[in-house]
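Working notes, beginning with the structure itself.
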Amino acid sequence: MPILREQKMNDSLERVVSGRAWEEVEGVPVTESTEIDTRVVAGHGRPGQLMAGLIDTVEAEIVPRLILAHRSPPEPLVVPAPLSAGFEPAPCVDDVLELSSLLLKDQFRVASSFVQLVQSRGVPLESLYLDLLAPAARHLGDLWTNDICHFGDVTIGLCRLQQVLRDFSPAFLNEASTRDDGRRALLMSVPGGQHTFGISMVAEFFRRARWDVTTGAPVARDELIRTVRSQWFSVVGLSVSCEVQVEVLASTIRLIRRASRNPAVGIMVGGPVFVTHPELVTLVGADVTALDAREAPLQAENLLALVTKQS
């Protein structure tokens with residue numbers, strides 16, 4: 001490992017574990033849905049607990065990123081064209097870069113105001129989610145992977161972005177149609193994963209489609225299995241952030257199918273790896289994937305319709 005990268009990683013980890021990094025977050029409460037495990041960064045607990053949390057973070061977050069950083073060259077920032085391109089205004093690359101910059105600075109309130117400013121141009125909330133917030137999250141991750149920003153700084157930026165998502169959630173969910181037909185979904189990161197922003201966004205689209213959604217901070221595999229054994233879900237959605245988690249994902253899916261209270265449970269998977277390698281969906285034992293958060297509830301509906309038809 002290069003000396004510069006090692007020093008940057010050590011400095012960032014020390015800031016996060018000591019709790020000093022969290023002092024930089026203005027107005028962002030530490031909650032279960034915060035982007036990283038608060039048991040590690042809150043600065044409380046016995047030294048042994050902090051060390052255990054630090055080891056988990058290194059194994060689940062830093063090592064996969066180092067592997068990916070040496071596996072392929074960085075990709076240019078691309079904001080996907082929305083379905084309404086040409087008819088409604090949409091965020092551009094400059095908007096994504098500006099938001100990302102504000103999130104990394106000590107300017108959370110300014111970042112939130114900037115998102116509102118973009119919305120005031122007539123950008124629909126759906127486009128705001130998919131074409132501004134999601135690309136900003138990916139860009140922040142790329143900044144760490146490419147050694148441009150510290151791990152702690154990027155983590156705090158993602159926490160601020162999560163708060164922006166929560167601020168817009170009431171308005172986004174108000175666009176939902178009225179429906180109550182017992183659809184229940186469990187949406188989680190694969191055990192050992194750290195990132196929750198993508199899952200939070202997918203959950204927003206499921207709730208807007210009037211699904212009963214259970215989600216939260218990443219949990220251990222045993223806890224995940226206890227959840228599907230004790231509660232009935234029509235769909236379980238799991239997200240991975242990199243290829244090194246695929247093996248864990250496959251074994252987790254096998255355990256879910258064996259333990260599920262719903263013997264016909266549908267399994268959805270998500271993450272960039274399935275966009276570039278869709279053949280992995282079948283290999284890990286899942287039923288379906290989705291290109292983005294907007295498509296995820298639609299794919300879940302198709303999966304339910306297929307299960308109903310077969311039964």
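Residues are referred to by chain and number: the chain letter is A, B, ... according to the order shown in the structure tokens, the number counts from 1 in that chain, and ligands are numbered separately from 1 in the order shown.
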Residues at most 12 Å from A:Phe206, counting only C-alpha atoms, excluding those fewer than 5 positions away in the same chain, as a ChimeraX atom specification?
-> /A:172-173,176-177,179,183-187,199-201,211-215,235,237,292-301
For A:Phe274, list every protein, DNA or RNA residue within 9 Å, evaluated using only C-alpha atoms, and leave out those in the same chain fewer than 4 positions away; present the list as a PyMOL selection string.
-> chain A and resi 269-270+278-281+289-291
Distance query stretch 94-104 of chain A at most 8 Å, only C-alpha atoms, self and fewer than 2 positions along chain excluded, as a list in words |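 In the requested format, the answer is Pro91, Cys92, Asp106, Gln107, Phe108, Val110, Ala111, Phe114, Val115, Val118, Leu132, Leu133, Pro135, Ala136, Ala137, His139, Leu140, Asp153, Val154, Ile156, Gly157, Leu158, Arg160 and Leu161 of chain A.
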Looking at A:Phe197, A:Val190, A:Cys242, A:Gln119, which one is nearest to A:Val219, with distances taken over only C-alpha atoms?
->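 Checking each candidate against A:Val219, we get A:Val190 as the closest.
Of the residues under consideration (A:Gly285, A:Leu255, A:Val275, A:Arg138), A:Leu255 shows the shortest atom-to-atom contact distance to A:Glu223 when counting only C-alpha atoms.
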Choose the residue, out of A:Ser189, A:Ser234, A:Thr155, A:Ser251, that has the smallest atom-to-atom separation from A:Leu303; count only C-alpha atoms.
->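 Looking at the shortest contact to A:Leu303, the residue is A:Ser234.
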Write down as a PyMOL selection string the residues belonging to stretch 102-262 of chain A that are assigned alpha helix (DSSP H) by DSSP computed on the backbone.
-> chain A and resi 102-104+108-120+125-128+134-145+151-173+197-208+221-230+246-259
Nearest to A:Arg261, chosen from A:Ala217, A:Ala305, A:Val228, A:Leu117, with only C-alpha atoms counted in the distances =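 Result for the nearest residue to A:Arg261: A:Val228.
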As a PDB file with all heavy atoms, in the first residue's frame, please: the residues near A:Ala220 (cut-off 10 Å, only C-alpha atoms, same-chain neighbours under 5 positions excluded).
```pdb
ATOM      1  N   VAL A 190     -26.213  -5.932   2.127  1.00  0.00           N
ATOM      2  CA  VAL A 190     -25.745  -7.272   2.422  1.00  0.00           C
ATOM      3  C   VAL A 190     -24.988  -7.232   3.746  1.00  0.00           C
ATOM      4  O   VAL A 190     -24.326  -6.242   4.067  1.00  0.00           O
ATOM      5  CB  VAL A 190     -24.849  -7.791   1.275  1.00  0.00           C
ATOM      6  CG1 VAL A 190     -23.550  -6.999   1.213  1.00  0.00           C
ATOM      7  CG2 VAL A 190     -24.553  -9.259   1.435  1.00  0.00           C
ATOM      8  N   PRO A 191     -25.119  -8.272   4.593  1.00  0.00           N
ATOM      9  CA  PRO A 191     -24.390  -8.286   5.868  1.00  0.00           C
ATOM     10  C   PRO A 191     -22.905  -7.996   5.676  1.00  0.00           C
ATOM     11  O   PRO A 191     -22.251  -8.563   4.803  1.00  0.00           O
ATOM     12  CB  PRO A 191     -24.610  -9.722   6.372  1.00  0.00           C
ATOM     13  CG  PRO A 191     -25.944 -10.102   5.810  1.00  0.00           C
ATOM     14  CD  PRO A 191     -25.975  -9.465   4.433  1.00  0.00           C
ATOM     15  N   GLY A 192     -22.404  -7.073   6.479  1.00  0.00           N
ATOM     16  CA  GLY A 192     -21.017  -6.642   6.342  1.00  0.00           C
ATOM     17  C   GLY A 192     -20.884  -5.359   5.550  1.00  0.00           C
ATOM     18  O   GLY A 192     -19.839  -4.727   5.555  1.00  0.00           O
ATOM     19  N   GLY A 193     -21.975  -4.957   4.862  1.00  0.00           N
ATOM     20  CA  GLY A 193     -21.940  -3.710   4.102  1.00  0.00           C
ATOM     21  C   GLY A 193     -22.068  -2.511   5.021  1.00  0.00           C
ATOM     22  O   GLY A 193     -22.527  -2.608   6.151  1.00  0.00           O
ATOM     23  N   ILE A 225     -31.501 -13.194   9.216  1.00  0.00           N
ATOM     24  CA  ILE A 225     -32.216 -14.463   9.096  1.00  0.00           C
ATOM     25  C   ILE A 225     -33.330 -14.546  10.131  1.00  0.00           C
ATOM     26  O   ILE A 225     -34.436 -15.029   9.832  1.00  0.00           O
ATOM     27  CB  ILE A 225     -31.237 -15.650   9.249  1.00  0.00           C
ATOM     28  CG1 ILE A 225     -30.194 -15.614   8.134  1.00  0.00           C
ATOM     29  CG2 ILE A 225     -31.998 -16.974   9.232  1.00  0.00           C
ATOM     30  CD1 ILE A 225     -30.764 -15.565   6.742  1.00  0.00           C
TER      31      ILE A 225
END
```
Which residues in stretch 261-298 of chain A does DSSP call strand (DSSP E)? List them as a PyMOL selection string.
-> chain A and resi 266-270+288-289
With all heavy atoms kept, could you save the residues just selected as a PDB file, in the first residue's frame?
```pdb
ATOM      1  N   GLY A 266     -39.761 -13.422  -2.852  1.00  0.00           N
ATOM      2  CA  GLY A 266     -38.979 -12.966  -3.995  1.00  0.00           C
ATOM      3  C   GLY A 266     -37.717 -12.262  -3.526  1.00  0.00           C
ATOM      4  O   GLY A 266     -37.752 -11.526  -2.536  1.00  0.00           O
ATOM      5  N   ILE A 267     -36.628 -12.507  -4.219  1.00  0.00           N
ATOM      6  CA  ILE A 267     -35.342 -11.899  -3.838  1.00  0.00           C
ATOM      7  C   ILE A 267     -34.898 -10.940  -4.930  1.00  0.00           C
ATOM      8  O   ILE A 267     -34.710 -11.320  -6.081  1.00  0.00           O
ATOM      9  CB  ILE A 267     -34.252 -12.963  -3.623  1.00  0.00           C
ATOM     10  CG1 ILE A 267     -34.705 -14.001  -2.601  1.00  0.00           C
ATOM     11  CG2 ILE A 267     -32.956 -12.288  -3.183  1.00  0.00           C
ATOM     12  CD1 ILE A 267     -34.850 -13.487  -1.197  1.00  0.00           C
ATOM     13  N   MET A 268     -34.734  -9.671  -4.546  1.00  0.00           N
ATOM     14  CA  MET A 268     -34.188  -8.653  -5.442  1.00  0.00           C
ATOM     15  C   MET A 268     -32.775  -8.311  -4.995  1.00  0.00           C
ATOM     16  O   MET A 268     -32.478  -8.327  -3.808  1.00  0.00           O
ATOM     17  CB  MET A 268     -35.040  -7.379  -5.411  1.00  0.00           C
ATOM     18  CG  MET A 268     -36.428  -7.518  -5.964  1.00  0.00           C
ATOM     19  SD  MET A 268     -37.231  -5.891  -6.079  1.00  0.00           S
ATOM     20  CE  MET A 268     -36.184  -5.084  -7.296  1.00  0.00           C
ATOM     21  N   VAL A 269     -31.907  -8.005  -5.952  1.00  0.00           N
ATOM     22  CA  VAL A 269     -30.548  -7.572  -5.638  1.00  0.00           C
ATOM     23  C   VAL A 269     -30.263  -6.281  -6.390  1.00  0.00           C
ATOM     24  O   VAL A 269     -30.820  -6.030  -7.456  1.00  0.00           O
ATOM     25  CB  VAL A 269     -29.509  -8.653  -5.996  1.00  0.00           C
ATOM     26  CG1 VAL A 269     -29.619  -9.836  -5.051  1.00  0.00           C
ATOM     27  CG2 VAL A 269     -29.653  -9.105  -7.441  1.00  0.00           C
ATOM     28  N   GLY A 270     -29.390  -5.478  -5.824  1.00  0.00           N
ATOM     29  CA  GLY A 270     -29.055  -4.214  -6.454  1.00  0.00           C
ATOM     30  C   GLY A 270     -27.615  -3.829  -6.201  1.00  0.00           C
ATOM     31  O   GLY A 270     -26.956  -4.381  -5.314  1.00  0.00           O
ATOM     32  N   VAL A 288     -34.427 -11.144  -9.458  1.00  0.00           N
ATOM     33  CA  VAL A 288     -34.510  -9.970 -10.317  1.00  0.00           C
ATOM     34  C   VAL A 288     -33.604  -8.876  -9.771  1.00  0.00           C
ATOM     35  O   VAL A 288     -33.224  -8.889  -8.588  1.00  0.00           O
ATOM     36  CB  VAL A 288     -35.984  -9.477 -10.397  1.00  0.00           C
ATOM     37  CG1 VAL A 288     -36.428  -8.883  -9.070  1.00  0.00           C
ATOM     38  CG2 VAL A 288     -36.189  -8.496 -11.531  1.00  0.00           C
ATOM     39  N   THR A 289     -33.251  -7.928 -10.638  1.00  0.00           N
ATOM     40  CA  THR A 289     -32.546  -6.724 -10.219  1.00  0.00           C
ATOM     41  C   THR A 289     -33.215  -5.530 -10.879  1.00  0.00           C
ATOM     42  O   THR A 289     -34.172  -5.683 -11.652  1.00  0.00           O
ATOM     43  CB  THR A 289     -31.051  -6.784 -10.593  1.00  0.00           C
ATOM     44  OG1 THR A 289     -30.383  -5.656 -10.004  1.00  0.00           O
ATOM     45  CG2 THR A 289     -30.856  -6.747 -12.102  1.00  0.00           C
TER      46      THR A 289
END
```
List the spatial neighbours of A:Phe168 as a JSON list (two decimals) with all heavy atoms, in the first residue's frame - criterion: any atom at most 12 Å away, only C-alpha atoms, same-chain residues fewer than 2 positions off excluded.
```json
[["chain", "number", "residue", "atom", "x", "y", "z"],
["A", 112, "SER", "N", -28.37, 21.97, 1.46],
["A", 112, "SER", "CA", -29.82, 21.74, 1.44],
["A", 112, "SER", "C", -30.54, 22.83, 0.66],
["A", 112, "SER", "O", -31.47, 22.55, -0.11],
["A", 112, "SER", "CB", -30.34, 21.67, 2.88],
["A", 112, "SER", "OG", -31.73, 21.41, 2.91],
["A", 113, "SER", "N", -30.11, 24.07, 0.86],
["A", 113, "SER", "CA", -30.72, 25.18, 0.12],
["A", 113, "SER", "C", -30.45, 25.06, -1.37],
["A", 113, "SER", "O", -31.29, 25.41, -2.21],
["A", 113, "SER", "CB", -30.19, 26.53, 0.65],
["A", 113, "SER", "OG", -30.53, 26.71, 2.01],
["A", 115, "VAL", "N", -30.14, 22.29, -3.10],
["A", 115, "VAL", "CA", -31.05, 21.28, -3.65],
["A", 115, "VAL", "C", -32.43, 21.90, -3.85],
["A", 115, "VAL", "O", -33.10, 21.65, -4.87],
["A", 115, "VAL", "CB", -31.14, 20.05, -2.72],
["A", 115, "VAL", "CG1", -32.18, 19.06, -3.25],
["A", 115, "VAL", "CG2", -29.78, 19.37, -2.62],
["A", 116, "GLN", "N", -32.86, 22.72, -2.91],
["A", 116, "GLN", "CA", -34.15, 23.41, -3.07],
["A", 116, "GLN", "C", -34.12, 24.36, -4.26],
["A", 116, "GLN", "O", -35.13, 24.52, -4.97],
["A", 116, "GLN", "CB", -34.50, 24.15, -1.78],
["A", 116, "GLN", "CG", -34.75, 23.24, -0.60],
["A", 116, "GLN", "CD", -34.98, 24.01, 0.69],
["A", 116, "GLN", "OE1", -34.93, 25.24, 0.71],
["A", 116, "GLN", "NE2", -35.21, 23.28, 1.77],
["A", 119, "GLN", "N", -34.58, 22.40, -7.34],
["A", 119, "GLN", "CA", -35.99, 22.02, -7.46],
["A", 119, "GLN", "C", -36.83, 23.19, -7.94],
["A", 119, "GLN", "O", -37.80, 23.01, -8.71],
["A", 119, "GLN", "CB", -36.51, 21.53, -6.12],
["A", 119, "GLN", "CG", -37.96, 21.02, -6.17],
["A", 119, "GLN", "CD", -38.54, 20.76, -4.80],
["A", 119, "GLN", "OE1", -38.07, 21.33, -3.81],
["A", 119, "GLN", "NE2", -39.55, 19.90, -4.73],
["A", 124, "PRO", "N", -38.69, 17.87, -11.29],
["A", 124, "PRO", "CA", -39.56, 16.99, -10.51],
["A", 124, "PRO", "C", -38.78, 16.31, -9.40],
["A", 124, "PRO", "O", -37.56, 16.09, -9.51],
["A", 124, "PRO", "CB", -40.06, 15.97, -11.55],
["A", 124, "PRO", "CG", -39.81, 16.60, -12.88],
["A", 124, "PRO", "CD", -38.62, 17.48, -12.71],
["A", 125, "LEU", "N", -39.46, 15.95, -8.32],
["A", 125, "LEU", "CA", -38.80, 15.30, -7.20],
["A", 125, "LEU", "C", -38.12, 14.00, -7.61],
["A", 125, "LEU", "O", -37.03, 13.67, -7.14],
["A", 125, "LEU", "CB", -39.81, 15.03, -6.08],
["A", 125, "LEU", "CG", -40.05, 16.16, -5.08],
["A", 125, "LEU", "CD1", -41.15, 15.80, -4.12],
["A", 125, "LEU", "CD2", -38.77, 16.49, -4.33],
["A", 126, "GLU", "N", -38.77, 13.25, -8.51],
["A", 126, "GLU", "CA", -38.18, 11.99, -8.95],
["A", 126, "GLU", "C", -36.84, 12.23, -9.64],
["A", 126, "GLU", "O", -35.87, 11.51, -9.40],
["A", 126, "GLU", "CB", -39.14, 11.26, -9.89],
["A", 126, "GLU", "CG", -38.63, 9.90, -10.34],
["A", 126, "GLU", "CD", -39.66, 9.14, -11.14],
["A", 126, "GLU", "OE1", -40.69, 8.74, -10.57],
["A", 126, "GLU", "OE2", -39.42, 8.94, -12.35],
["A", 128, "LEU", "N", -34.98, 14.84, -9.12],
["A", 128, "LEU", "CA", -34.08, 15.34, -8.08],
["A", 128, "LEU", "C", -33.39, 14.18, -7.37],
["A", 128, "LEU", "O", -32.19, 14.22, -7.08],
["A", 128, "LEU", "CB", -34.88, 16.17, -7.08],
["A", 128, "LEU", "CG", -34.11, 17.18, -6.22],
["A", 128, "LEU", "CD1", -33.62, 18.33, -7.08],
["A", 128, "LEU", "CD2", -34.99, 17.70, -5.10],
["A", 129, "TYR", "N", -34.15, 13.13, -7.11],
["A", 129, "TYR", "CA", -33.60, 11.94, -6.45],
["A", 129, "TYR", "C", -32.60, 11.22, -7.35],
["A", 129, "TYR", "O", -31.48, 10.92, -6.95],
["A", 129, "TYR", "CB", -34.72, 10.98, -6.07],
["A", 129, "TYR", "CG", -35.38, 11.24, -4.74],
["A", 129, "TYR", "CD1", -35.63, 12.53, -4.29],
["A", 129, "TYR", "CD2", -35.77, 10.19, -3.93],
["A", 129, "TYR", "CE1", -36.25, 12.76, -3.08],
["A", 129, "TYR", "CE2", -36.38, 10.41, -2.70],
["A", 129, "TYR", "CZ", -36.62, 11.70, -2.28],
["A", 129, "TYR", "OH", -37.22, 11.93, -1.07],
["A", 133, "LEU", "N", -29.24, 13.57, -6.37],
["A", 133, "LEU", "CA", -28.79, 12.97, -5.12],
["A", 133, "LEU", "C", -28.02, 11.67, -5.35],
["A", 133, "LEU", "O", -26.95, 11.47, -4.76],
["A", 133, "LEU", "CB", -29.99, 12.71, -4.19],
["A", 133, "LEU", "CG", -30.86, 13.92, -3.83],
["A", 133, "LEU", "CD1", -31.85, 13.54, -2.74],
["A", 133, "LEU", "CD2", -30.01, 15.11, -3.39],
["A", 161, "LEU", "N", -25.87, 13.99, 2.92],
["A", 161, "LEU", "CA", -26.75, 13.68, 1.79],
["A", 161, "LEU", "C", -27.95, 12.87, 2.26],
["A", 161, "LEU", "O", -29.07, 13.05, 1.77],
["A", 161, "LEU", "CB", -25.96, 12.92, 0.73],
["A", 161, "LEU", "CG", -26.66, 12.70, -0.62],
["A", 161, "LEU", "CD1", -27.02, 14.03, -1.27],
["A", 161, "LEU", "CD2", -25.77, 11.89, -1.55],
["A", 162, "GLN", "N", -27.73, 11.97, 3.21],
["A", 162, "GLN", "CA", -28.83, 11.20, 3.77],
["A", 162, "GLN", "C", -29.85, 12.12, 4.45],
["A", 162, "GLN", "O", -31.05, 11.92, 4.35],
["A", 162, "GLN", "CB", -28.29, 10.20, 4.80],
["A", 162, "GLN", "CG", -29.32, 9.21, 5.32],
["A", 162, "GLN", "CD", -29.14, 7.84, 4.72],
["A", 162, "GLN", "OE1", -28.23, 7.63, 3.93],
["A", 162, "GLN", "NE2", -29.98, 6.91, 5.11],
["A", 163, "GLN", "N", -29.36, 13.15, 5.11],
["A", 163, "GLN", "CA", -30.26, 14.11, 5.75],
["A", 163, "GLN", "C", -31.07, 14.88, 4.72],
["A", 163, "GLN", "O", -32.26, 15.16, 4.92],
["A", 163, "GLN", "CB", -29.47, 15.08, 6.63],
["A", 163, "GLN", "CG", -30.32, 16.10, 7.38],
["A", 163, "GLN", "CD", -31.29, 15.44, 8.34],
["A", 163, "GLN", "OE1", -30.91, 14.49, 9.02],
["A", 163, "GLN", "NE2", -32.51, 15.93, 8.40],
["A", 164, "VAL", "N", -30.44, 15.25, 3.60],
["A", 164, "VAL", "CA", -31.17, 15.92, 2.52],
["A", 164, "VAL", "C", -32.30, 15.02, 2.02],
["A", 164, "VAL", "O", -33.42, 15.48, 1.79],
["A", 164, "VAL", "CB", -30.22, 16.27, 1.36],
["A", 164, "VAL", "CG1", -31.01, 16.79, 0.16],
["A", 164, "VAL", "CG2", -29.20, 17.32, 1.80],
["A", 165, "LEU", "N", -32.00, 13.74, 1.87],
["A", 165, "LEU", "CA", -33.02, 12.78, 1.44],
["A", 165, "LEU", "C", -34.19, 12.76, 2.41],
["A", 165, "LEU", "O", -35.36, 12.76, 2.01],
["A", 165, "LEU", "CB", -32.40, 11.40, 1.31],
["A", 165, "LEU", "CG", -33.30, 10.29, 0.75],
["A", 165, "LEU", "CD1", -33.59, 10.52, -0.72],
["A", 165, "LEU", "CD2", -32.64, 8.92, 0.95],
["A", 166, "ARG", "N", -33.89, 12.75, 3.71],
["A", 166, "ARG", "CA", -34.96, 12.75, 4.72],
["A", 166, "ARG", "C", -35.77, 14.04, 4.67],
["A", 166, "ARG", "O", -36.98, 14.03, 4.90],
["A", 166, "ARG", "CB", -34.37, 12.53, 6.11],
["A", 166, "ARG", "CG", -33.91, 11.10, 6.37],
["A", 166, "ARG", "CD", -33.67, 10.87, 7.85],
["A", 166, "ARG", "NE", -32.50, 11.60, 8.33],
["A", 166, "ARG", "CZ", -31.27, 11.10, 8.37],
["A", 166, "ARG", "NH1", -31.05, 9.86, 7.95],
["A", 166, "ARG", "NH2", -30.27, 11.81, 8.84],
["A", 170, "PRO", "N", -41.06, 13.67, 3.05],
["A", 170, "PRO", "CA", -42.51, 13.90, 3.17],
["A", 170, "PRO", "C", -43.16, 14.33, 1.86],
["A", 170, "PRO", "O", -44.22, 13.82, 1.48],
["A", 170, "PRO", "CB", -42.61, 14.99, 4.24],
["A", 170, "PRO", "CG", -41.37, 14.82, 5.06],
["A", 170, "PRO", "CD", -40.31, 14.44, 4.07],
["A", 171, "ALA", "N", -42.52, 15.27, 1.16],
["A", 171, "ALA", "CA", -43.08, 15.74, -0.11],
["A", 171, "ALA", "C", -43.07, 14.63, -1.15],
["A", 171, "ALA", "O", -44.01, 14.47, -1.94],
["A", 171, "ALA", "CB", -42.31, 16.95, -0.62],
["A", 172, "PHE", "N", -42.01, 13.83, -1.17],
["A", 172, "PHE", "CA", -41.90, 12.75, -2.14],
["A", 172, "PHE", "C", -42.98, 11.70, -1.90],
["A", 172, "PHE", "O", -43.62, 11.23, -2.85],
["A", 172, "PHE", "CB", -40.51, 12.11, -2.04],
["A", 172, "PHE", "CG", -40.22, 11.08, -3.10],
["A", 172, "PHE", "CD1", -39.97, 11.47, -4.41],
["A", 172, "PHE", "CD2", -40.20, 9.73, -2.80],
["A", 172, "PHE", "CE1", -39.69, 10.54, -5.39],
["A", 172, "PHE", "CE2", -39.92, 8.79, -3.77],
["A", 172, "PHE", "CZ", -39.67, 9.19, -5.07],
["A", 173, "LEU", "N", -43.22, 11.35, -0.66],
["A", 173, "LEU", "CA", -44.21, 10.32, -0.35],
["A", 173, "LEU", "C", -45.64, 10.83, -0.54],
["A", 173, "LEU", "O", -46.55, 10.03, -0.73],
["A", 173, "LEU", "CB", -44.01, 9.82, 1.08],
["A", 173, "LEU", "CG", -42.67, 9.13, 1.36],
["A", 173, "LEU", "CD1", -42.63, 8.59, 2.78],
["A", 173, "LEU", "CD2", -42.43, 8.00, 0.37],
["A", 174, "ASN", "N", -45.83, 12.14, -0.49],
["A", 174, "ASN", "CA", -47.16, 12.69, -0.73],
["A", 174, "ASN", "C", -47.63, 12.48, -2.15],
["A", 174, "ASN", "O", -48.82, 12.59, -2.45],
["A", 174, "ASN", "CB", -47.19, 14.19, -0.40],
["A", 174, "ASN", "CG", -47.30, 14.45, 1.09],
["A", 174, "ASN", "OD1", -47.72, 13.57, 1.85],
["A", 174, "ASN", "ND2", -46.92, 15.64, 1.51],
["A", 175, "GLU", "N", -46.68, 12.16, -3.05],
["A", 175, "GLU", "CA", -47.04, 11.90, -4.44],
["A", 175, "GLU", "C", -47.57, 10.49, -4.64],
["A", 175, "GLU", "O", -47.97, 10.11, -5.73],
["A", 175, "GLU", "CB", -45.83, 12.12, -5.35],
["A", 175, "GLU", "CG", -45.32, 13.55, -5.37],
["A", 175, "GLU", "CD", -44.16, 13.73, -6.32],
["A", 175, "GLU", "OE1", -43.71, 12.71, -6.88],
["A", 175, "GLU", "OE2", -43.72, 14.87, -6.51],
["A", 201, "MET", "N", -32.81, 5.33, -0.61],
["A", 201, "MET", "CA", -33.48, 5.88, -1.78],
["A", 201, "MET", "C", -34.45, 4.87, -2.39],
["A", 201, "MET", "O", -35.58, 5.22, -2.76],
["A", 201, "MET", "CB", -32.48, 6.35, -2.83],
["A", 201, "MET", "CG", -33.13, 6.90, -4.08],
["A", 201, "MET", "SD", -32.01, 7.80, -5.16],
["A", 201, "MET", "CE", -31.63, 9.23, -4.16],
["A", 204, "GLU", "N", -37.57, 4.78, -0.47],
["A", 204, "GLU", "CA", -38.45, 5.91, -0.75],
["A", 204, "GLU", "C", -39.38, 5.59, -1.93],
["A", 204, "GLU", "O", -40.58, 5.87, -1.89],
["A", 204, "GLU", "CB", -37.62, 7.15, -1.10],
["A", 204, "GLU", "CG", -36.89, 7.76, 0.07],
["A", 204, "GLU", "CD", -37.82, 8.61, 0.92],
["A", 204, "GLU", "OE1", -38.20, 9.71, 0.48],
["A", 204, "GLU", "OE2", -38.19, 8.15, 2.01]]
```
Using only C-alpha atoms, which residues sit within 9 Å of A:Ser260 once same-chain residues fewer than 6 positions away are excluded, as a count of residues only?
-> 9
